[in-house]
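Engineer: Dropping in coords.cif, with mmCIF, C-alpha atoms; chains and numbers go by the auth columns.
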```
data_coords
loop_
_atom_site.group_PDB
_atom_site.id
_atom_site.type_symbol
_atom_site.label_atom_id
_atom_site.label_comp_id
_atom_site.label_asym_id
_atom_site.label_seq_id
_atom_site.Cartn_x
_atom_site.Cartn_y
_atom_site.Cartn_z
_atom_site.B_iso_or_equiv
_atom_site.auth_seq_id
_atom_site.auth_asym_id
ATOM 1 C CA MET A 1 7.502 65.462 28.983 0.00 1029 L
ATOM 2 C CA ALA A 2 4.162 64.212 27.715 0.00 1030 L
ATOM 3 C CA GLN A 3 4.078 63.015 24.126 0.00 1031 L
ATOM 4 C CA LEU A 4 1.875 64.658 21.523 0.00 1032 L
ATOM 5 C CA LYS A 5 0.605 62.399 18.766 0.00 1033 L
ATOM 6 C CA GLU A 6 -0.881 63.697 15.533 0.00 1034 L
ATOM 7 C CA ILE A 7 -3.923 61.747 14.394 0.00 1035 L
ATOM 8 C CA LYS A 8 -4.389 61.613 10.635 0.00 1036 L
ATOM 9 C CA THR A 9 -6.997 58.888 10.108 0.00 1037 L
ATOM 10 C CA VAL A 10 -10.466 58.077 11.387 0.00 1038 L
ATOM 11 C CA ALA A 11 -9.104 54.706 12.580 0.00 1039 L
ATOM 12 C CA GLU A 12 -6.477 56.482 14.730 0.00 1040 L
ATOM 13 C CA TRP A 13 -9.219 58.706 16.168 0.00 1041 L
ATOM 14 C CA GLU A 14 -11.442 55.715 16.945 0.00 1042 L
ATOM 15 C CA GLU A 15 -8.531 54.029 18.747 0.00 1043 L
ATOM 16 C CA ALA A 16 -7.810 57.178 20.812 0.00 1044 L
ATOM 17 C CA LEU A 17 -11.511 57.591 21.615 0.00 1045 L
ATOM 18 C CA GLY A 18 -11.720 53.951 22.736 0.00 1046 L
ATOM 19 C CA GLN A 19 -8.712 54.383 25.016 0.00 1047 L
ATOM 20 C CA SER A 20 -10.448 57.336 26.692 0.00 1048 L
ATOM 21 C CA SER A 21 -12.524 54.752 28.538 0.00 1049 L
ATOM 22 C CA THR A 22 -9.509 54.099 30.766 0.00 1050 L
ATOM 23 C CA LYS A 23 -7.270 57.154 30.251 0.00 1051 L
ATOM 24 C CA ALA A 24 -8.237 60.809 29.771 0.00 1052 L
ATOM 25 C CA LEU A 25 -7.571 62.324 26.357 0.00 1053 L
ATOM 26 C CA LEU A 26 -6.851 65.927 25.375 0.00 1054 L
ATOM 27 C CA VAL A 27 -7.590 66.683 21.729 0.00 1055 L
ATOM 28 C CA PHE A 28 -6.158 69.803 20.105 0.00 1056 L
ATOM 29 C CA LYS A 29 -7.776 70.757 16.792 0.00 1057 L
ATOM 30 C CA HIS A 30 -5.304 72.946 14.911 0.00 1058 L
ATOM 31 C CA SER A 31 -5.595 75.045 11.772 0.00 1059 L
ATOM 32 C CA THR A 32 -2.159 75.385 10.179 0.00 1060 L
ATOM 33 C CA THR A 33 -3.231 78.544 8.321 0.00 1061 L
ATOM 34 C CA CYS A 34 -4.639 80.521 11.254 0.00 1062 L
ATOM 35 C CA PRO A 35 -2.535 82.858 13.426 0.00 1063 L
ATOM 36 C CA ILE A 36 -4.926 82.442 16.385 0.00 1064 L
ATOM 37 C CA SER A 37 -4.440 78.697 16.114 0.00 1065 L
ATOM 38 C CA ALA A 38 -0.666 79.165 15.978 0.00 1066 L
ATOM 39 C CA ASN A 39 -0.809 81.094 19.256 0.00 1067 L
ATOM 40 C CA ALA A 40 -3.083 78.478 20.829 0.00 1068 L
ATOM 41 C CA PHE A 41 -0.641 75.770 19.742 0.00 1069 L
ATOM 42 C CA LYS A 42 2.188 77.660 21.487 0.00 1070 L
ATOM 43 C CA GLU A 43 0.091 77.684 24.666 0.00 1071 L
ATOM 44 C CA PHE A 44 -0.590 73.966 24.248 0.00 1072 L
ATOM 45 C CA GLU A 45 3.146 73.288 23.801 0.00 1073 L
ATOM 46 C CA ALA A 46 3.921 75.421 26.872 0.00 1074 L
ATOM 47 C CA TYR A 47 1.515 73.259 28.889 0.00 1075 L
ATOM 48 C CA LEU A 48 3.151 70.069 27.572 0.00 1076 L
ATOM 49 C CA ASN A 49 6.660 71.397 28.320 0.00 1077 L
ATOM 50 C CA ASP A 50 5.837 72.553 31.851 0.00 1078 L
ATOM 51 C CA ALA A 51 4.180 70.007 34.139 0.00 1079 L
ATOM 52 C CA PRO A 52 1.536 68.109 32.162 0.00 1080 L
ATOM 53 C CA ARG A 53 -0.418 65.232 33.619 0.00 1081 L
ATOM 54 C CA GLU A 54 1.372 62.073 32.576 0.00 1082 L
ATOM 55 C CA ASP A 55 -1.818 59.989 32.869 0.00 1083 L
ATOM 56 C CA VAL A 56 -3.431 61.774 29.907 0.00 1084 L
ATOM 57 C CA ASP A 57 -3.036 61.039 26.201 0.00 1085 L
ATOM 58 C CA TYR A 58 -2.423 64.142 24.040 0.00 1086 L
ATOM 59 C CA VAL A 59 -3.429 64.205 20.389 0.00 1087 L
ATOM 60 C CA MET A 60 -3.569 66.846 17.673 0.00 1088 L
ATOM 61 C CA VAL A 61 -5.636 66.940 14.512 0.00 1089 L
ATOM 62 C CA LYS A 62 -4.769 69.350 11.717 0.00 1090 L
ATOM 63 C CA VAL A 63 -8.260 70.354 10.641 0.00 1091 L
ATOM 64 C CA ILE A 64 -7.477 71.276 7.035 0.00 1092 L
ATOM 65 C CA GLU A 65 -5.206 68.311 6.270 0.00 1093 L
ATOM 66 C CA SER A 66 -7.427 65.800 8.139 0.00 1094 L
ATOM 67 C CA ARG A 67 -10.895 67.283 7.715 0.00 1095 L
ATOM 68 C CA ASP A 68 -12.629 63.890 7.844 0.00 1096 L
ATOM 69 C CA VAL A 69 -11.046 63.180 11.231 0.00 1097 L
ATOM 70 C CA SER A 70 -11.976 66.637 12.518 0.00 1098 L
ATOM 71 C CA ASN A 71 -15.584 66.161 11.408 0.00 1099 L
ATOM 72 C CA LYS A 72 -15.738 62.690 12.993 0.00 1100 L
ATOM 73 C CA ILE A 73 -14.514 64.102 16.313 0.00 1101 L
ATOM 74 C CA ALA A 74 -17.254 66.749 16.238 0.00 1102 L
ATOM 75 C CA ASP A 75 -19.877 64.107 15.421 0.00 1103 L
ATOM 76 C CA ASP A 76 -18.685 61.534 17.957 0.00 1104 L
ATOM 77 C CA LEU A 77 -18.438 64.030 20.818 0.00 1105 L
ATOM 78 C CA GLY A 78 -21.396 66.244 19.927 0.00 1106 L
ATOM 79 C CA VAL A 79 -19.144 69.307 20.036 0.00 1107 L
ATOM 80 C CA LYS A 80 -19.555 72.025 17.426 0.00 1108 L
ATOM 81 C CA HIS A 81 -16.361 72.238 15.362 0.00 1109 L
ATOM 82 C CA GLU A 82 -14.130 75.228 15.980 0.00 1110 L
ATOM 83 C CA SER A 83 -10.449 75.750 15.418 0.00 1111 L
ATOM 84 C CA PRO A 84 -8.380 76.065 17.294 0.00 1112 L
ATOM 85 C CA GLN A 85 -10.175 73.932 19.823 0.00 1113 L
ATOM 86 C CA ALA A 86 -9.167 71.917 22.880 0.00 1114 L
ATOM 87 C CA ILE A 87 -11.360 69.077 24.121 0.00 1115 L
ATOM 88 C CA VAL A 88 -10.937 66.837 27.161 0.00 1116 L
ATOM 89 C CA VAL A 89 -12.450 63.380 26.645 0.00 1117 L
ATOM 90 C CA GLU A 90 -13.097 60.896 29.432 0.00 1118 L
ATOM 91 C CA GLY A 91 -15.118 57.724 29.066 0.00 1119 L
ATOM 92 C CA ARG A 92 -15.696 58.430 25.355 0.00 1120 L
ATOM 93 C CA LYS A 93 -17.465 61.732 26.195 0.00 1121 L
ATOM 94 C CA GLN A 94 -16.244 65.318 26.157 0.00 1122 L
ATOM 95 C CA THR A 95 -15.997 66.696 29.683 0.00 1123 L
ATOM 96 C CA TRP A 96 -14.549 70.127 28.809 0.00 1124 L
ATOM 97 C CA ASN A 97 -13.839 72.157 25.716 0.00 1125 L
ATOM 98 C CA THR A 98 -12.758 75.630 24.744 0.00 1126 L
ATOM 99 C CA SER A 99 -11.549 77.411 21.664 0.00 1127 L
ATOM 100 C CA HIS A 100 -9.617 80.289 20.174 0.00 1128 L
ATOM 101 C CA ARG A 101 -7.939 82.679 22.621 0.00 1129 L
ATOM 102 C CA ASP A 102 -9.341 80.783 25.613 0.00 1130 L
ATOM 103 C CA ILE A 103 -6.804 78.014 24.933 0.00 1131 L
ATOM 104 C CA THR A 104 -4.021 78.934 27.336 0.00 1132 L
ATOM 105 C CA GLN A 105 -1.477 77.038 29.367 0.00 1133 L
ATOM 106 C CA LYS A 106 -3.487 77.958 32.472 0.00 1134 L
ATOM 107 C CA SER A 107 -6.876 76.912 31.051 0.00 1135 L
ATOM 108 C CA LEU A 108 -5.467 73.546 29.972 0.00 1136 L
ATOM 109 C CA SER A 109 -3.873 73.019 33.369 0.00 1137 L
ATOM 110 C CA ASN A 110 -7.135 73.896 35.152 0.00 1138 L
ATOM 111 C CA ALA A 111 -9.176 71.633 32.886 0.00 1139 L
ATOM 112 C CA LEU A 112 -6.960 68.663 33.682 0.00 1140 L
ATOM 113 C CA LYS A 113 -6.715 69.125 37.462 0.00 1141 L
#
```
Would you write the structure of this file as structure tokens?
Structural biologist:
Amino acid sequence: MAQLKEIKTVAEWEEALGQSSTKALLVFKHSTTCPISANAFKEFEAYLNDAPREDVDYVMVKVIESRDVSNKIADDLGVKHESPQAIVVEGRKQTWNTSHRDITQKSLSNALK
């Protein structure tokens, strides 16, 4: 199973972003107070527990607890902040993103084909 890492600091984000130059990155922005986000997180976990790509790094940012990191991600990638939100990053640039109820096991799988 692929490992999910929570990023809590801007430095951890900058390291993950830098590594996207050689390895794709899937960022999940999660609101711990939102039921839609809770459902999206279940879909994300289902993807990770099924047959995830092993050559991708998977990170989660809790947007309320780590707001500065969430804001930095939006700024660095030029992606309007939403939560829940899933973003694929390759070569330090977002190549796909979706949010809310569009975050499903199937949409994640298709995005990473």
Engineer: Pick the closest to Glu1118 in chain L from L:Ala1052, L:Gly1106, L:Tyr1075, L:Ser1065: which is it, counting only C-alpha atoms?
Structural biologist: L:Ala1052
Engineer: Please expand the PyMOL selection byres ((chain L and resi 1082) around 12) into the concrete residues it hits in this file, giving the result as a JSON list (two decimals) with C-alpha atoms, in the frame of the given file.
Structural biologist:
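Written out: selection-v8.json:
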```json
[["chain", "number", "residue", "atom", "x", "y", "z"],
["L", 1029, "MET", "CA", 7.50, 65.46, 28.98],
["L", 1030, "ALA", "CA", 4.16, 64.21, 27.72],
["L", 1031, "GLN", "CA", 4.08, 63.02, 24.13],
["L", 1032, "LEU", "CA", 1.88, 64.66, 21.52],
["L", 1051, "LYS", "CA", -7.27, 57.15, 30.25],
["L", 1052, "ALA", "CA", -8.24, 60.81, 29.77],
["L", 1053, "LEU", "CA", -7.57, 62.32, 26.36],
["L", 1054, "LEU", "CA", -6.85, 65.93, 25.38],
["L", 1075, "TYR", "CA", 1.52, 73.26, 28.89],
["L", 1076, "LEU", "CA", 3.15, 70.07, 27.57],
["L", 1077, "ASN", "CA", 6.66, 71.40, 28.32],
["L", 1078, "ASP", "CA", 5.84, 72.55, 31.85],
["L", 1079, "ALA", "CA", 4.18, 70.01, 34.14],
["L", 1080, "PRO", "CA", 1.54, 68.11, 32.16],
["L", 1081, "ARG", "CA", -0.42, 65.23, 33.62],
["L", 1083, "ASP", "CA", -1.82, 59.99, 32.87],
["L", 1084, "VAL", "CA", -3.43, 61.77, 29.91],
["L", 1085, "ASP", "CA", -3.04, 61.04, 26.20],
["L", 1086, "TYR", "CA", -2.42, 64.14, 24.04],
["L", 1140, "LEU", "CA", -6.96, 68.66, 33.68],
["L", 1141, "LYS", "CA", -6.72, 69.12, 37.46]]
```
Engineer: Give me the residues within 8 Å of Ala1139 in chain L as a PyMOL selection string, counting all atoms listed in the file and dropping any in the same chain fewer than 4 places off.
Structural biologist: chain L and resi 1116+1124+1135
Engineer: Grab the CA of Pro1063 in chain L to CA of Leu1045 in chain L distance for me, in Å with one decimal place.
Structural biologist: 28.0 Å
Engineer: Between L:Lys1057, L:Cys1062, L:Val1087, L:Glu1073, which one has atoms that come closest to Ser1127 in chain L, using only C-alpha atoms?
Structural biologist: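 Among the listed residues, L:Lys1057 lies closest to Ser1127 in chain L.
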Engineer: From the list L:Ser1098, L:Thr1123, L:Ser1137, L:Thr1132, which residue is nearest Glu1034 in chain L when using all atoms listed in the file?
Structural biologist: L:Ser1098
Engineer: So which residues touch Ile1101 in chain L within 10 Å, counting all atoms listed in the file, skipping near sequence neighbours fewer than 3 positions away, as a PyMOL selection string?
Structural biologist: chain L and resi 1038+1041-1042+1045+1055+1057+1089+1095-1098+1104-1109+1115
